$ cat start_6.cif   # mmCIF, C-alpha atoms
data_final
loop_
_atom_site.label_atom_id
_atom_site.label_comp_id
_atom_site.auth_asym_id
_atom_site.auth_seq_id
_atom_site.Cartn_x
_atom_site.Cartn_y
_atom_site.Cartn_z
CA CYS I 1 -1.23 -6.33 -6.97
CA ALA I 2 1.52 -8.11 -5.19
CA ALA I 3 1.23 -11.86 -4.92
CA GLU I 4 3.35 -11.78 -1.77
CA VAL I 5 1.75 -12.64 1.56
CA PRO I 6 3.22 -10.44 4.31
CA ARG I 7 4.99 -12.15 7.19
CA GLY I 8 4.44 -10.73 10.63
CA ASP I 9 3.33 -7.12 10.77
CA PRO I 10 3.15 -5.62 7.30
CA ASP I 11 4.78 -2.24 6.79
CA HIS I 12 2.43 0.66 7.24
CA ALA I 13 2.56 4.20 8.51
CA ALA I 14 1.08 3.32 11.90
CA ILE I 15 1.13 0.12 13.88
CA GLY I 16 -2.07 -1.46 15.08
CA ASP I 17 -4.36 -4.43 14.82
CA ALA I 18 -7.14 -4.55 12.23
CA ALA I 19 -9.66 -2.69 14.39
CA GLN I 20 -7.07 -0.03 15.22
CA ILE I 21 -6.37 0.60 11.53
CA VAL I 22 -10.06 1.42 11.00
CA ARG I 23 -10.23 3.56 14.16
CA MET I 24 -7.16 5.50 13.00
CA ALA I 25 -8.95 6.43 9.79
CA ASP I 26 -11.97 7.71 11.70
CA VAL I 27 -9.96 9.63 14.30
CA THR I 28 -7.61 11.10 11.70
CA TYR I 29 -10.46 12.38 9.52
CA ARG I 30 -12.27 13.91 12.49
CA ALA I 31 -9.07 15.58 13.71
CA CYS I 32 -8.39 17.00 10.24
CA ALA I 33 -11.96 18.34 9.98
CA ALA I 34 -11.76 19.91 13.45
CA ALA I 35 -8.41 21.55 12.63
CA GLY I 36 -9.57 22.91 9.27
CA VAL I 37 -7.21 20.75 7.24
CA ARG I 38 -8.14 21.01 3.57
CA ARG I 39 -6.71 17.70 2.29
CA LEU I 40 -5.90 14.40 3.99
CA ILE I 41 -3.41 12.14 2.20
CA TRP I 42 -4.05 8.61 3.48
CA LEU I 43 -1.49 5.89 2.82
CA SER I 44 -3.60 2.86 2.13
CA SER I 45 -2.30 -0.20 0.27
CA ALA I 46 -2.71 -2.00 -3.03
CA SER I 47 -3.58 -4.92 -0.74
CA VAL I 48 -7.14 -3.58 -0.62
CA HIS I 49 -7.47 -5.40 -3.96
CA GLY I 50 -6.12 -8.68 -2.57
CA GLN I 51 -2.83 -10.49 -2.77
CA ASN I 52 -3.24 -11.77 -6.32
CA CYS I 53 -5.79 -9.58 -8.04
CA PRO I 54 -6.81 -10.21 -11.63
CA PRO I 55 -5.33 -8.31 -14.58
CA GLY I 56 -7.21 -5.09 -15.22
CA THR I 57 -7.72 -4.28 -11.56
CA ASP I 58 -7.69 -0.52 -11.10
CA GLU I 59 -8.87 2.14 -8.68
CA SER I 60 -12.49 1.65 -9.71
CA THR I 61 -12.48 -2.09 -8.97
CA PRO I 62 -14.95 -2.68 -6.10
CA LEU I 63 -13.33 -3.51 -2.79
CA GLN I 64 -14.28 -6.51 -0.70
CA ASP I 65 -13.70 -7.06 3.00
CA ASN I 66 -13.88 -10.85 2.96
CA GLN I 67 -10.25 -11.48 2.03
CA PRO I 68 -8.12 -14.14 3.75
CA LEU I 69 -5.82 -11.56 5.39
CA ALA I 70 -7.12 -9.38 8.23
CA TYR I 71 -4.70 -6.60 7.21
CA ASN I 72 -6.25 -6.34 3.75
CA ASN I 73 -9.77 -6.25 5.19
CA ALA I 74 -8.76 -3.57 7.70
CA LYS I 75 -7.31 -1.39 4.95
CA VAL I 76 -10.56 -1.79 2.96
CA ARG I 77 -12.67 -0.88 6.00
CA ALA I 78 -10.44 2.12 6.73
CA GLU I 79 -11.00 3.36 3.18
CA TRP I 80 -14.74 2.85 3.57
CA MET I 81 -14.64 4.79 6.85
CA LEU I 82 -12.83 7.68 5.17
CA ALA I 83 -15.32 7.68 2.28
CA LYS I 84 -18.19 7.80 4.77
CA ARG I 85 -16.63 10.69 6.70
CA ALA I 86 -15.69 12.56 3.50
CA ARG I 87 -19.35 12.81 2.53
CA ASP I 88 -19.51 15.87 4.78
CA ARG I 89 -17.07 17.57 2.33
CA ARG I 90 -15.09 19.16 5.13
CA VAL I 91 -11.83 17.46 4.10
CA GLU I 92 -10.66 16.19 0.71
CA VAL I 93 -9.45 12.60 1.04
CA VAL I 94 -6.74 11.27 -1.26
CA LEU I 95 -6.08 7.54 -0.88
CA LEU I 96 -2.67 6.42 -2.12
CA ARG I 97 -2.41 2.66 -2.65
CA PRO I 98 1.22 1.61 -3.02
CA GLY I 99 2.13 -2.03 -3.53
CA VAL I 100 5.57 -3.29 -2.55
CA VAL I 101 7.39 -0.25 -1.13
CA PHE I 102 11.14 -0.85 -1.16
CA GLY I 103 14.39 0.97 -0.61
CA PRO I 104 17.54 0.72 1.47
CA ARG I 105 16.97 -1.26 4.66
CA SER I 106 13.38 -2.12 3.72
CA ARG I 107 11.98 -5.48 4.72
CA TRP I 108 11.55 -6.33 1.05
CA ILE I 109 15.34 -6.28 0.76
CA ALA I 110 16.48 -7.38 4.23
CA ASP I 111 13.96 -10.22 4.65
CA VAL I 112 14.72 -11.61 1.20
CA ALA I 113 18.44 -11.50 1.94
CA ALA I 114 17.89 -13.31 5.26
CA ASP I 115 15.69 -15.93 3.58
CA LEU I 116 18.29 -16.52 0.87
CA ARG I 117 21.05 -16.92 3.43
CA ALA I 118 18.92 -19.36 5.45
CA GLY I 119 17.92 -21.41 2.40
CA ARG I 120 14.24 -20.49 2.78
CA ALA I 121 13.79 -18.80 -0.60
CA GLY I 122 12.48 -20.21 -3.85
CA TRP I 123 10.58 -19.22 -6.99
CA LEU I 124 6.86 -19.66 -7.58
CA ASN I 125 6.22 -20.13 -11.30
CA GLY I 126 9.82 -19.22 -12.00
CA GLY I 127 9.31 -15.77 -10.43
CA GLN I 128 7.26 -14.63 -13.43
CA GLY I 129 4.44 -13.03 -11.40
CA ILE I 130 4.23 -9.26 -11.51
CA CYS I 131 5.73 -7.41 -8.54
CA ASN I 132 3.85 -4.12 -8.19
CA SER I 133 6.71 -2.28 -6.61
CA ILE I 134 7.43 1.35 -5.90
CA TYR I 135 10.76 2.73 -4.76
CA ILE I 136 10.38 4.78 -1.58
CA ASP I 137 11.57 7.99 -3.25
CA ASN I 138 8.85 7.58 -5.88
CA LEU I 139 6.22 7.10 -3.17
CA VAL I 140 7.44 10.31 -1.52
CA ASP I 141 7.04 12.04 -4.91
CA ALA I 142 3.47 10.69 -5.19
CA ILE I 143 2.69 12.05 -1.73
CA ARG I 144 4.18 15.42 -2.68
CA LEU I 145 2.07 15.51 -5.86
CA ALA I 146 -1.05 14.71 -3.85
CA VAL I 147 -0.27 17.43 -1.31
CA PHE I 148 0.39 20.16 -3.87
CA ALA I 149 -2.12 19.21 -6.57
CA PRO I 150 -4.06 22.34 -7.54
CA GLY I 151 -7.80 22.53 -7.04
CA PRO I 152 -10.00 20.02 -5.33
CA VAL I 153 -8.63 16.48 -5.36
CA SER I 154 -10.03 13.31 -3.88
CA GLY I 155 -10.19 9.64 -4.68
CA ALA I 156 -8.03 6.55 -4.72
CA PHE I 157 -4.81 6.17 -6.67
CA LEU I 158 -2.76 3.01 -7.15
CA VAL I 159 0.85 4.16 -7.14
CA GLY I 160 3.81 2.21 -8.46
CA ASP I 161 6.92 2.50 -10.54
CA ALA I 162 6.47 2.87 -14.30
CA GLU I 163 8.38 -0.33 -15.14
CA THR I 164 6.68 -3.72 -15.18
CA VAL I 165 8.85 -5.88 -12.96
CA THR I 166 8.53 -9.59 -12.27
CA TRP I 167 9.31 -11.04 -8.87
CA ARG I 168 12.36 -12.65 -10.46
CA GLY I 169 13.50 -9.28 -11.79
CA PHE I 170 12.93 -7.70 -8.39
CA LEU I 171 14.64 -10.41 -6.31
CA LEU I 172 17.44 -11.65 -8.57
CA PRO I 173 19.73 -8.64 -7.96
CA ILE I 174 19.56 -9.37 -4.22
CA ALA I 175 20.46 -13.03 -4.80
CA ARG I 176 23.31 -12.08 -7.13
CA HIS I 177 24.65 -9.56 -4.61
CA LEU I 178 24.77 -12.32 -1.99
CA GLY I 179 26.53 -14.66 -4.40
#

$ encode --input "start_6.cif" --output "structure tokens"
Amino acid sequence: CAAEVPRGDPDHAAIGDAAQIVRMADVTYRACAAAGVRRLIWLSSASVHGQNCPPGTDESTPLQDNQPLAYNNAKVRAEWMLAKRARDRRVEVVLLRPGVVFGPRSRWIADVAADLRAGRAGWLNGGQGICNSIYIDNLVDAIRLAVFAPGPVSGAFLVGDAETVTWRGFLLPIARHLG
């Protein structure tokens, strides 16, 4: 799980406050059920496990909605709403939980570059914390796999790149590029 605390509005597939994130889950499931959609792929977030979750955290780790960030709690409650709705078995629900999604023009690149230029960047613990990142193309592949998986599929899946990357390893190329 990323140890980064989002600034401003975190990236997500739809904009809304915490209550809206939960309502979107409910409305989306109901719309899928009414339309006869077989499988709903919901982009959740690794943030459901917190900003600095302990080693060994996986998809089966119980979620809590008493975290310091409202965004995290909203994503947890949205997942709970989808699980509640999915009990009717009308729609398969696949929850994808990416961590730090990055790619060209992403905030994880642009914001870091701006912070470096403004002198607002620094390392915590030498940047040795794990950055649970996923390149956008790999997230698209995970979505594609979830869409086309044969047979019934449901459940939560943490998705990330195969490499273990530290925050230093993730951010240093940006710093070097900027000189």

$ atom_distance --input "start_6.cif" --atom1 "atom CA of I:Arg39" --atom2 "atom CA of I:Glu92"
4.5 Å

$ resolve_selection --input "start_6.cif" --expression "the PyMOL selection byres ((chain I and resi 121-129) around 7)" --output "VMD selection string"
chain I and resid 115 to 116 119 to 120 130 to 131 166 to 168

$ atom_distance --input "start_6.cif" --atom1 "atom CA of I:Leu43" --atom2 "atom CA of I:Leu96"
5.1 Å

$ resolve_selection --input "start_6.cif" --expression "the PyMOL selection byres ((chain I and resi 160) around 9)" --output "list of chain:residue names"
I:Arg97, I:Pro98, I:Gly99, I:Val100, I:Val101, I:Asn132, I:Ser133, I:Ile134, I:Tyr135, I:Asn138, I:Leu139, I:Leu158, I:Val159, I:Asp161, I:Ala162, I:Glu163

$ closest_residue --input "start_6.cif" --among "I:Val153, I:Leu171, I:Val94, I:Ala118" --to "I:Trp42" --atoms "only C-alpha atoms"
I:Val94

$ atom_distance --input "start_6.cif" --atom1 "atom CA of I:Arg23" --atom2 "atom CA of I:Ala149"
27.2 Å

$ closest_residue --input "start_6.cif" --among "I:Phe157, I:Arg176, I:Ser106, I:Ala142" --to "I:Thr57" --atoms "all atoms listed in the file"
I:Phe157
